[in-house]
Amino acid sequence: MEIAKILGEFHGLQKDLIHILHRVQAQFGYIPPEAVAQIAECLKISENEIFGVLTFYKAFSLEPRGQYLVTVCLGTACHVRGGVQIVEEMERKLQVKAGQTTPDKKFTLETVNCLGCCAIGPVVVVNGKYYSHVTLNKVEPIIKEYREAG
Amino acid sequence: MRITINGRQLDVSGKKTILEVARANGIFIPSLCDHSALVPFGGCRLCLVEIKGRKGYPPACSTYAEDGLDVTTESPALQAIRRQVLELILSEHPHACLICAEKKNCDEYKSTIRKVGEVTGCVLCPNNGRCELQDVVEALKIDRVNFPAAYRNFDVRRDDPFFDRNYNLCILCGRCVRICHEVRGVSAISFVFRGSQAVVGTVFGRPLLESGCQFCGACVDVCPTGALTERASRGEALPDEEDETICPLCSIGCGLKASLRGGRIVSFAPTNAEAVNRGQACVKGRFILRDVVYSPKRILKPLVRQNGELHEASWDEALDFVATKLKGYVGKNLGFISSTQVSLEDMHVFDRFTREVLRTDQIISFRNHSPLASFWKELRMNGQPAELNFELDSISTAKVIVLSGADIVVSHPIIWVEVFRAIKNGAKLVVINGKDSSLERHASFHLRVQAGREFSLFNHLTLKLLENNPENPYSRVNGYETWRESLLNEKKAAFARADINEAEVDLAARLLAEGQPTVFLMGPSVVNSAAASANIRALWNLAQVCGGRLIPLAGENNERGAFEIFSRSSDRVLSVEEALFKISRGEYKSLYLAGPLPVPPDAAVEFLVIQDCFMNENVQRADAVLPAATFAECGGTFVNVEGRIRKFKNIIEPLGEARPDWWIICRMAEKMGAAEFGFENAAEILSDLGRTRPFFEPACHRHQGKGKAVFILDEKKGSGQFPSGESPELAPQRAAIHSSPAASARALDYYRSLNLVEESKGLRKLRGLREK
Ligand code: SF4
Ligand code: SF4
Ligand code: SF4
Ligand code: SF4
Ligand code: FES
Ligand code: FES
């Protein structure tokens, strides 16, 4: 199946673990347990080692992510400009805590430490689209945009 | 080379870290993550030192000594850094007791309350009094922690057998993760998550039972804190005595340290003493052995049947009773079963007793056919000497290892550790017909062949090797052409029948041609097959052709000793299967069971004596039951899988009325009027053995713990002739005798008549999981 297909593109080399995980993450929106088992078998390493790697990097998630990944920056610059309040507002509006996914699997809320564009902070990113100088008032419209997009 | 530490000039040879040099010379440098069995890690930052001419503070554990280095281990600056580092570690560790001003008084008046759910301080911790973290706090004289305390509040994991994991006490030194990964090759645990969330865990937080853990206990033994603790002994007070012994549960014979309290064994842990197990053991020796000694099934008093019921009796009564009865069977209709898990001394007395007093068959209870005996017999039939001795080092230094007929991770855990050491040094592993186990991922090739047709695969590997080497010297050896012809003729059929993948055979043969030295490990399933003799011959040929060493793996702790005493010079040995066959034909009117044998209920046996440590299925029909002492209660000698002579002494007094096996037999022989059984201790018996059997000469001269390892004498290496390798006609009667899978499954986990899988729920879970 799909995981096998991804694995088929690599040559069973342990150094490709991160690449493989990225591919699985992109495909499924998270790293399912079956994937860990299959990667372990293919690369001849233990599942526990893979788990160690995949929990080390923020890029991988253990639970299915929502259709839209909302990332709020909490790096120093965004933090001093009110990033924390933005996160709290997002949590209220989406009814989930940072790190969680809405029950309808539409949104996953996450925080990050600096996206490298501090000048335009506070920054929010939704599936790769950047929103600059975000204020509390802009939170609702951002969410609405995607809720309506279906 | 020469380095200076704190002004002292020190000579250093070989590649050593500064920490190792310091330790060897009695210079203390605090350390928590370093461990002698592990690759330097540099994680805890406590071992920082100053080196003249170098910037900063390099860690002593991961900086190697170089000629001329000038090292300082103590300075106010170092002290300040170390304290800060330790305080940081302590901020996440329950440290109230560690810095408490009343510590001294507390230790004096309060004993540790070890059976608590939450460990909030040393006084509630199972590790109190033997904790490396405590030692370091003591050494650095920490009396306050200048960081906010952060209790991590993990649930204590108690869902696995044998040990608990309380990661609230974990200091993330990584020793457990590293020993599991570097030494055991298991990687059942790993650092998971990161930053302040980092913790040791398993995939998706599963129980260890589902993460591939073998429960070897290596992680528990290296953990410097109370995070990992053996459950069975966590409630016990600190031991007041330690003693050394040898594990009797498999052919490795691991050196074990017994902790005792009030004359009772509290726990066993591996020792580093001899080059056998080097600080490693396995689930059985580490976690189960204590319960073996104190099993509720232990027989503690002699029992004698009177008017149809078993009654307790004194030794004198019991021996008189048995001796009188036995006299009626001397020289006829009498079978004697010996265990392969008793000492050389016991076996020697059994041997003499059966020859000189009972004048009967000696039956030795190999549960399976011994790879040793089968190998030796096969080679002898082909006029070859059989070399049996080896050293574990010859495995860890091999370049190619071919494993066939055993799941050594389970059956020979320490051999697996050596194989894994070799793999880490670049060796390649070829597994032939292994069960699927989590560790076979370390194999380069996994060749499969229908069970019982292994010879076909061995032969074709040999053929490939010869074909790839046109100048092979074997083409001139007698019988080579015929052998080759027959193989080529039946090749297609053989491959199809044996289920062999030709491409893989080709690749594996190439590997064998390149790698030197090569070691072939031959386990029991190769010889417990109808095709045993063909298998052995084919594997031997293969080993000859690649100039490798074939090592038959004895399974039980004194299997080699039993082979030397009972098999090498006489043909009085029967296998269990053959004995059962004789019983079924009514050939034994009387049976003396000093070893395990399931006597069938319909057996026509008139007089049955049981000499064992444990109650078993035969007791209810026994006429007399004589309580034997376990290894822990009597001293003696084992010969391990390598041929290494392993002496052990008693660490506790015999339980109840139990007595060493040799004692029981000697007294019995005397009652039966035999002279020259007046032995009073194991040493006397050993010298008697050395006198009568030259192979045991070395065993008699060994002073425990001193000098070089001693091996039993051995035959010289084979001459490299090419024994006939033609495919055999399957011998049907042999096939019938051998095919008893239940026996081989059970064969692994028992001590005398005690089935460890039945005794230990944890072991049952562990093995059950593997069989699935
Ligand atoms: S692990 Fe050591 S320092 Fe920590 S509570 Fe237990 S005994 Fe004390
Ligand atoms: S018991 Fe052995 S196999 Fe299991 S985690 Fe510890 S070291 Fe690894
Ligand atoms: S559990 Fe023990 S050995 Fe493992 S990292 Fe924690 S303190 Fe170190
Ligand atoms: S490997 Fe063998 S000798 Fe060592 S502890 Fe395990 S059973 Fe005992
Ligand atoms: S702090 Fe938010 S982008 Fe740098
Ligand atoms: S012992 Fe050197 S860093 Fe831990």
# chains A, B, ... in the order shown; residues from 1 in each chain; ligands from 1
$ closest_atom_pairs --of "chain B" --to "chain A" --cutoff "10 Å" --atoms "only C-alpha atoms" --output "CSV"
residue,atom,partner,partner_atom,distance
B:Val177,CA,A:Glu49,CA,9.9
B:His181,CA,A:Glu49,CA,9.3
B:Gly185,CA,A:Ser46,CA,9.6
B:Val186,CA,A:Ser46,CA,7.5
B:Ser187,CA,A:Ser46,CA,6.1
B:Ala188,CA,A:Asn48,CA,6.0
B:Ile189,CA,A:Asn48,CA,5.9
B:Ser190,CA,A:Glu49,CA,5.7
B:Phe191,CA,A:Gly52,CA,5.4
B:Val192,CA,A:Gly52,CA,4.3
B:Phe193,CA,A:Thr55,CA,4.5
B:Arg194,CA,A:Phe56,CA,5.3
B:Gly195,CA,A:Phe56,CA,8.6
B:Gln197,CA,A:Phe56,CA,9.8
B:Ala198,CA,A:Phe56,CA,8.5
B:Val199,CA,A:Gly52,CA,9.7
B:Val200,CA,A:Gly52,CA,8.9
B:Gly201,CA,A:Asn48,CA,7.8
B:Thr202,CA,A:Asn48,CA,5.1
B:Val203,CA,A:Asn48,CA,4.4
B:Phe204,CA,A:Phe51,CA,7.1
B:Gly205,CA,A:Asn48,CA,9.1
B:Arg206,CA,A:Asn48,CA,9.5
B:Ser211,CA,A:Asn48,CA,7.0
B:Gly212,CA,A:Ser46,CA,8.2
B:Ser438,CA,A:Ser46,CA,8.1
B:Leu439,CA,A:Ser46,CA,9.0
B:Glu440,CA,A:Lys44,CA,8.7
B:Arg441,CA,A:Lys44,CA,5.0
B:His442,CA,A:Lys44,CA,7.0
B:Ala443,CA,A:Lys44,CA,9.2
$ residues_around --residues "Ile423 in chain B" --least-positions-apart "2" --cutoff "10 Å" --atoms "only C-alpha atoms" --output "PDB file with N, CA and C atoms, in the first residue's frame"
ATOM      1  N   GLY B 185      22.015  -4.966  21.492  1.00  0.00           N
ATOM      2  CA  GLY B 185      21.522  -4.955  20.115  1.00  0.00           C
ATOM      3  C   GLY B 185      20.013  -4.977  20.022  1.00  0.00           C
ATOM      4  N   SER B 396      33.513 -12.854  18.763  1.00  0.00           N
ATOM      5  CA  SER B 396      33.423 -11.393  18.621  1.00  0.00           C
ATOM      6  C   SER B 396      34.469 -10.850  17.657  1.00  0.00           C
ATOM      7  N   THR B 397      35.512 -11.638  17.340  1.00  0.00           N
ATOM      8  CA  THR B 397      36.518 -11.143  16.408  1.00  0.00           C
ATOM      9  C   THR B 397      36.351 -11.716  15.003  1.00  0.00           C
ATOM     10  N   ALA B 398      35.284 -12.510  14.800  1.00  0.00           N
ATOM     11  CA  ALA B 398      35.061 -13.094  13.480  1.00  0.00           C
ATOM     12  C   ALA B 398      34.610 -12.018  12.499  1.00  0.00           C
ATOM     13  N   LYS B 399      34.771 -12.314  11.222  1.00  0.00           N
ATOM     14  CA  LYS B 399      34.305 -11.373  10.198  1.00  0.00           C
ATOM     15  C   LYS B 399      32.988 -11.825   9.588  1.00  0.00           C
ATOM     16  N   VAL B 400      32.801 -13.132   9.544  1.00  0.00           N
ATOM     17  CA  VAL B 400      31.515 -13.658   9.087  1.00  0.00           C
ATOM     18  C   VAL B 400      31.060 -14.695  10.107  1.00  0.00           C
ATOM     19  N   ILE B 401      29.789 -14.616  10.483  1.00  0.00           N
ATOM     20  CA  ILE B 401      29.254 -15.589  11.427  1.00  0.00           C
ATOM     21  C   ILE B 401      28.028 -16.227  10.790  1.00  0.00           C
ATOM     22  N   VAL B 417      25.340 -11.663  22.500  1.00  0.00           N
ATOM     23  CA  VAL B 417      26.045 -10.416  22.815  1.00  0.00           C
ATOM     24  C   VAL B 417      27.397 -10.387  22.090  1.00  0.00           C
ATOM     25  N   GLU B 418      28.080 -11.535  22.034  1.00  0.00           N
ATOM     26  CA  GLU B 418      29.371 -11.601  21.334  1.00  0.00           C
ATOM     27  C   GLU B 418      29.187 -11.463  19.823  1.00  0.00           C
ATOM     28  N   VAL B 419      28.148 -12.122  19.311  1.00  0.00           N
ATOM     29  CA  VAL B 419      27.873 -11.992  17.875  1.00  0.00           C
ATOM     30  C   VAL B 419      27.600 -10.528  17.548  1.00  0.00           C
ATOM     31  N   PHE B 420      26.834  -9.883  18.417  1.00  0.00           N
ATOM     32  CA  PHE B 420      26.502  -8.486  18.166  1.00  0.00           C
ATOM     33  C   PHE B 420      27.742  -7.603  18.257  1.00  0.00           C
ATOM     34  N   ARG B 421      28.631  -7.945  19.167  1.00  0.00           N
ATOM     35  CA  ARG B 421      29.897  -7.202  19.267  1.00  0.00           C
ATOM     36  C   ARG B 421      30.644  -7.297  17.931  1.00  0.00           C
ATOM     37  N   ASN B 425      31.618  -4.460  14.978  1.00  0.00           N
ATOM     38  CA  ASN B 425      32.962  -4.282  14.425  1.00  0.00           C
ATOM     39  C   ASN B 425      33.005  -4.570  12.935  1.00  0.00           C
ATOM     40  N   GLY B 426      31.839  -4.696  12.322  1.00  0.00           N
ATOM     41  CA  GLY B 426      31.801  -4.846  10.875  1.00  0.00           C
ATOM     42  C   GLY B 426      31.584  -6.259  10.370  1.00  0.00           C
ATOM     43  N   ALA B 427      31.398  -7.221  11.262  1.00  0.00           N
ATOM     44  CA  ALA B 427      31.171  -8.586  10.802  1.00  0.00           C
ATOM     45  C   ALA B 427      29.785  -8.716  10.181  1.00  0.00           C
ATOM     46  N   LYS B 428      29.642  -9.733   9.334  1.00  0.00           N
ATOM     47  CA  LYS B 428      28.342 -10.000   8.715  1.00  0.00           C
ATOM     48  C   LYS B 428      27.763 -11.280   9.299  1.00  0.00           C
ATOM     49  N   LEU B 429      26.463 -11.236   9.519  1.00  0.00           N
ATOM     50  CA  LEU B 429      25.789 -12.397  10.087  1.00  0.00           C
ATOM     51  C   LEU B 429      24.894 -13.044   9.032  1.00  0.00           C
ATOM     52  N   HIS B 442      19.562  -7.750  12.352  1.00  0.00           N
ATOM     53  CA  HIS B 442      20.998  -7.508  12.283  1.00  0.00           C
ATOM     54  C   HIS B 442      21.705  -8.448  11.300  1.00  0.00           C
ATOM     55  N   ALA B 443      20.957  -9.390  10.740  1.00  0.00           N
ATOM     56  CA  ALA B 443      21.579 -10.341   9.810  1.00  0.00           C
ATOM     57  C   ALA B 443      21.676  -9.745   8.415  1.00  0.00           C
ATOM     58  N   SER B 444      22.782 -10.053   7.727  1.00  0.00           N
ATOM     59  CA  SER B 444      22.909  -9.614   6.339  1.00  0.00           C
ATOM     60  C   SER B 444      22.093 -10.515   5.422  1.00  0.00           C
TER      61      SER B 444
END
$ residues_around --residues "Asn501 in chain B" --least-positions-apart "3" --cutoff "10 Å" --atoms "only C-alpha atoms" --output "VMD selection string"
chain B and resid 447 to 449 457 495 to 496 498 504 to 506
$ write_last_selection --atoms "N, CA, C and O atoms" --output "short mmCIF file (atom, residue, chain, number, x, y, z; two decimals), in the first residue's frame"
data_model
loop_
_atom_site.label_atom_id
_atom_site.label_comp_id
_atom_site.auth_asym_id
_atom_site.auth_seq_id
_atom_site.Cartn_x
_atom_site.Cartn_y
_atom_site.Cartn_z
N LEU B 447 18.81 -17.01 5.24
CA LEU B 447 18.52 -18.06 4.26
C LEU B 447 17.53 -19.04 4.85
O LEU B 447 17.70 -19.51 5.97
N ARG B 448 16.52 -19.33 4.07
CA ARG B 448 15.52 -20.27 4.57
C ARG B 448 15.60 -21.57 3.81
O ARG B 448 15.86 -21.60 2.61
N VAL B 449 15.37 -22.61 4.54
CA VAL B 449 15.36 -23.92 3.91
C VAL B 449 14.41 -24.78 4.74
O VAL B 449 14.28 -24.58 5.94
N LEU B 457 21.08 -27.04 1.68
CA LEU B 457 21.55 -25.66 1.59
C LEU B 457 23.06 -25.58 1.87
O LEU B 457 23.81 -24.94 1.14
N PHE B 495 16.65 -28.12 -4.67
CA PHE B 495 16.28 -26.74 -4.41
C PHE B 495 14.78 -26.60 -4.25
O PHE B 495 14.28 -25.90 -3.38
N ALA B 496 14.07 -27.28 -5.15
CA ALA B 496 12.62 -27.18 -5.08
C ALA B 496 12.12 -27.80 -3.78
O ALA B 496 11.31 -27.22 -3.07
N ALA B 498 13.71 -28.37 -0.98
CA ALA B 498 14.15 -27.74 0.25
C ALA B 498 13.76 -26.27 0.32
O ALA B 498 14.03 -25.60 1.30
N GLU B 504 19.97 -16.01 -3.47
CA GLU B 504 20.47 -15.68 -2.14
C GLU B 504 21.67 -16.55 -1.77
O GLU B 504 22.63 -16.08 -1.16
N VAL B 505 21.57 -17.81 -2.16
CA VAL B 505 22.69 -18.72 -1.89
C VAL B 505 23.94 -18.19 -2.57
O VAL B 505 25.04 -18.19 -1.98
N ASP B 506 23.77 -17.70 -3.74
CA ASP B 506 24.89 -17.16 -4.50
C ASP B 506 25.55 -16.00 -3.76
O ASP B 506 26.76 -15.97 -3.56
#
$ atom_distance --atom1 "CA of Lys16 in chain B" --atom2 "CA of Thr225 in chain B"
26.1 Å
$ residues_near_ligand --ligand "ligand 3" --cutoff "7 Å" --atoms "only C-alpha atoms and all ligand atoms" --output "list in words"
Tyr167, Leu169, Cys170, Ile171, Leu172, Cys173, Gly174, Arg175, Cys176, Val177, Val200, Cys219, Val222, Cys223, Pro224, Thr225, Ala227 and Leu228 of chain B
$ residues_around --residues "Phe60 in chain A" --least-positions-apart "5" --cutoff "10 Å" --atoms "only C-alpha atoms" --output "ChimeraX atom specification"
/A:18,21-22,24-26,29-31,53-55,65
$ residues_near_ligand --ligand "ligand 4" --cutoff "8 Å" --atoms "only C-alpha atoms and all ligand atoms" --output "PyMOL selection string"
chain B and resi 246-256+270+277+280-286+411-414+557
$ residues_near_ligand --ligand "ligand 1" --cutoff "8 Å" --atoms "only C-alpha atoms and all ligand atoms" --output "ChimeraX atom specification"
/B:93-95,97-98,119-134,169-170,224-227
$ write_last_selection --atoms "C-alpha atoms" --output "tab-separated table (two decimals), in the first residue's frame"
chain	number	residue	atom	x	y	z
B	93	HIS	CA	14.85	15.03	40.69
B	94	PRO	CA	13.22	14.67	44.09
B	95	HIS	CA	16.03	16.14	46.12
B	97	CYS	CA	16.42	14.21	51.27
B	98	LEU	CA	19.65	14.81	49.36
B	119	VAL	CA	9.27	8.38	45.58
B	120	THR	CA	9.54	11.91	46.91
B	121	GLY	CA	12.95	11.52	48.46
B	122	CYS	CA	15.73	9.07	49.13
B	123	VAL	CA	14.10	7.81	52.27
B	124	LEU	CA	11.28	6.39	50.15
B	125	CYS	CA	13.48	5.15	47.32
B	126	PRO	CA	14.46	1.54	46.62
B	127	ASN	CA	17.88	2.78	45.60
B	128	ASN	CA	18.65	4.48	48.91
B	129	GLY	CA	22.09	3.55	50.12
B	130	ARG	CA	23.37	2.22	46.79
B	131	CYS	CA	22.75	5.19	44.57
B	132	GLU	CA	25.38	6.78	42.35
B	133	LEU	CA	23.49	10.06	42.37
B	134	GLN	CA	23.66	10.13	46.16
B	169	LEU	CA	13.94	9.62	39.14
B	170	CYS	CA	15.62	9.50	35.75
B	224	PRO	CA	22.76	5.06	38.42
B	225	THR	CA	19.48	6.02	40.09
B	226	GLY	CA	16.36	4.32	41.37
B	227	ALA	CA	14.55	4.89	38.08
$ residues_near_ligand --ligand "ligand 5" --cutoff "6 Å" --atoms "only C-alpha atoms and all ligand atoms" --output "MDAnalysis selection string"
chainID A and resid 73:78 114:118 121:123
$ residues_near_ligand --ligand "ligand 6" --cutoff "7 Å" --atoms "only C-alpha atoms and all ligand atoms" --output "list in words"
Ser31, Leu32, Cys33, Asp34, Phe41, Gly42, Gly43, Cys44, Arg45, Leu46, Cys47, Leu48, Pro59, Ala60, Cys61 and Ser62 of chain B
$ write_last_selection --atoms "N, CA and C atoms" --output "mmCIF file, in the first residue's frame"
data_model
loop_
_atom_site.group_PDB
_atom_site.id
_atom_site.type_symbol
_atom_site.label_atom_id
_atom_site.label_comp_id
_atom_site.auth_asym_id
_atom_site.auth_seq_id
_atom_site.Cartn_x
_atom_site.Cartn_y
_atom_site.Cartn_z
ATOM 1 N N SER B 31 31.233 11.525 37.959
ATOM 2 C CA SER B 31 30.700 11.186 36.635
ATOM 3 C C SER B 31 29.382 10.475 36.840
ATOM 4 N N LEU B 32 28.470 10.626 35.901
ATOM 5 C CA LEU B 32 27.205 9.897 36.015
ATOM 6 C C LEU B 32 26.833 9.148 34.741
ATOM 7 N N CYS B 33 27.199 9.681 33.592
ATOM 8 C CA CYS B 33 26.737 9.007 32.380
ATOM 9 C C CYS B 33 27.748 7.987 31.870
ATOM 10 N N ASP B 34 29.003 8.109 32.298
ATOM 11 C CA ASP B 34 30.023 7.196 31.805
ATOM 12 C C ASP B 34 29.834 5.797 32.389
ATOM 13 N N PHE B 41 29.973 9.195 26.076
ATOM 14 C CA PHE B 41 28.721 9.838 25.705
ATOM 15 C C PHE B 41 28.802 11.338 25.951
ATOM 16 N N GLY B 42 29.409 11.704 27.070
ATOM 17 C CA GLY B 42 29.562 13.124 27.382
ATOM 18 C C GLY B 42 28.255 13.835 27.617
ATOM 19 N N GLY B 43 27.322 13.182 28.284
ATOM 20 C CA GLY B 43 25.998 13.753 28.447
ATOM 21 C C GLY B 43 25.785 14.511 29.739
ATOM 22 N N CYS B 44 26.414 14.082 30.815
ATOM 23 C CA CYS B 44 26.044 14.670 32.106
ATOM 24 C C CYS B 44 26.876 15.890 32.472
ATOM 25 N N ARG B 45 28.010 16.052 31.872
ATOM 26 C CA ARG B 45 28.906 17.196 32.085
ATOM 27 C C ARG B 45 29.402 17.331 33.525
ATOM 28 N N LEU B 46 29.493 16.251 34.227
ATOM 29 C CA LEU B 46 30.015 16.339 35.590
ATOM 30 C C LEU B 46 31.514 16.100 35.633
ATOM 31 N N CYS B 47 32.031 15.462 34.598
ATOM 32 C CA CYS B 47 33.415 15.019 34.648
ATOM 33 C C CYS B 47 34.355 16.051 34.036
ATOM 34 N N LEU B 48 33.877 17.285 33.879
ATOM 35 C CA LEU B 48 34.705 18.311 33.247
ATOM 36 C C LEU B 48 36.025 18.487 33.983
ATOM 37 N N PRO B 59 35.215 17.278 28.798
ATOM 38 C CA PRO B 59 34.775 16.176 29.655
ATOM 39 C C PRO B 59 35.814 15.047 29.680
ATOM 40 N N ALA B 60 36.176 14.604 30.867
ATOM 41 C CA ALA B 60 37.218 13.578 31.013
ATOM 42 C C ALA B 60 36.792 12.243 30.416
ATOM 43 N N CYS B 61 35.471 11.994 30.379
ATOM 44 C CA CYS B 61 35.011 10.683 29.922
ATOM 45 C C CYS B 61 35.105 10.539 28.416
ATOM 46 N N SER B 62 35.140 11.651 27.697
ATOM 47 C CA SER B 62 35.200 11.506 26.250
ATOM 48 C C SER B 62 36.408 12.229 25.652
#
$ residues_around --residues "Lys97 in chain A" --least-positions-apart "4" --cutoff "12 Å" --atoms "only C-alpha atoms" --output "NGL selection string"
:A and (70 or 87-93 or 101-103 or 107-111)
$ residues_around --residues "Phe28 in chain A" --least-positions-apart "4" --cutoff "10 Å" --atoms "only C-alpha atoms" --output "PyMOL selection string"
chain A and resi 2-3+23-24+32+35+63-65
$ residues_around --residues "Arg667 in chain B" --least-positions-apart "3" --cutoff "10 Å" --atoms "only C-alpha atoms" --output "ChimeraX atom specification"
/B:315-316,319-320,323,662-664,670-674,677-680
$ write_last_selection --atoms "N, CA, C and O atoms" --output "CSV table (one decimal), in the first residue's frame"
chain,number,residue,atom,x,y,z
B,315,TRP,N,17.1,-39.1,57.0
B,315,TRP,CA,18.0,-39.5,55.9
B,315,TRP,C,18.4,-41.0,56.1
B,315,TRP,O,18.4,-41.8,55.1
B,316,ASP,N,18.7,-41.3,57.3
B,316,ASP,CA,19.1,-42.7,57.6
B,316,ASP,C,18.0,-43.7,57.2
B,316,ASP,O,18.3,-44.7,56.4
B,319,LEU,N,17.6,-43.7,53.3
B,319,LEU,CA,18.8,-44.3,52.6
B,319,LEU,C,18.7,-45.8,52.8
B,319,LEU,O,18.9,-46.6,51.8
B,320,ASP,N,18.4,-46.2,54.0
B,320,ASP,CA,18.3,-47.7,54.3
B,320,ASP,C,17.3,-48.3,53.4
B,320,ASP,O,17.5,-49.3,52.8
B,323,ALA,N,18.4,-48.3,49.7
B,323,ALA,CA,19.5,-49.2,49.5
B,323,ALA,C,19.1,-50.6,49.5
B,323,ALA,O,19.5,-51.4,48.6
B,662,TRP,N,25.9,-35.6,45.1
B,662,TRP,CA,27.0,-36.5,45.3
B,662,TRP,C,27.0,-37.1,46.7
B,662,TRP,O,27.2,-38.3,46.9
B,663,TRP,N,26.5,-36.3,47.7
B,663,TRP,CA,26.5,-36.8,49.1
B,663,TRP,C,25.4,-37.9,49.2
B,663,TRP,O,25.7,-39.0,49.8
B,664,ILE,N,24.3,-37.7,48.5
B,664,ILE,CA,23.2,-38.7,48.6
B,664,ILE,C,23.7,-40.0,48.0
B,664,ILE,O,23.6,-41.1,48.7
B,670,GLU,N,27.6,-46.4,50.2
B,670,GLU,CA,28.1,-47.0,51.4
B,670,GLU,C,27.1,-48.0,52.1
B,670,GLU,O,27.5,-49.0,52.5
B,671,LYS,N,25.9,-47.5,52.1
B,671,LYS,CA,24.8,-48.4,52.6
B,671,LYS,C,24.7,-49.7,51.9
B,671,LYS,O,24.3,-50.8,52.4
B,672,MET,N,25.0,-49.6,50.6
B,672,MET,CA,25.0,-50.8,49.8
B,672,MET,C,26.2,-51.6,49.8
B,672,MET,O,26.4,-52.6,49.1
B,673,GLY,N,27.1,-51.2,50.7
B,673,GLY,CA,28.3,-52.0,51.0
B,673,GLY,C,29.5,-51.7,50.1
B,673,GLY,O,30.5,-52.4,50.0
B,674,ALA,N,29.4,-50.6,49.3
B,674,ALA,CA,30.5,-50.3,48.4
B,674,ALA,C,31.6,-49.5,49.1
B,674,ALA,O,31.3,-48.6,49.9
B,677,PHE,N,33.6,-44.9,48.5
B,677,PHE,CA,32.7,-43.8,48.2
B,677,PHE,C,32.6,-42.8,49.4
B,677,PHE,O,31.7,-42.1,49.7
B,678,GLY,N,33.7,-42.8,50.2
B,678,GLY,CA,33.8,-42.1,51.4
B,678,GLY,C,34.0,-40.6,51.2
B,678,GLY,O,34.6,-39.9,52.1
B,679,PHE,N,33.7,-40.0,50.1
B,679,PHE,CA,33.9,-38.6,49.9
B,679,PHE,C,33.2,-37.7,50.8
B,679,PHE,O,32.0,-37.9,51.1
B,680,GLU,N,33.9,-36.7,51.3
B,680,GLU,CA,33.2,-35.7,52.2
B,680,GLU,C,33.0,-34.4,51.6
B,680,GLU,O,32.3,-33.5,52.2
$ select_by_dssp --residues "chain A" --states "strand (DSSP E or B)" --output "PyMOL selection string"
chain A and resi 68-73+101+107-112+124-126+129-131
$ select_by_dssp --residues "chain A" --states "alpha helix (DSSP H)" --output "ChimeraX atom specification"
/A:2-8,17-28,33-43,47-56,76-80,83-94,136-149
$ closest_residue --among "B:Val71, B:Thr229, B:Glu118, B:Gly26" --to "ligand 2" --atoms "only C-alpha atoms and all ligand atoms"
B:Thr229
$ closest_residue --among "B:Thr245, B:Gln214, B:Asn468, B:Ser339" --to "ligand 2" --atoms "only C-alpha atoms and all ligand atoms"
B:Gln214
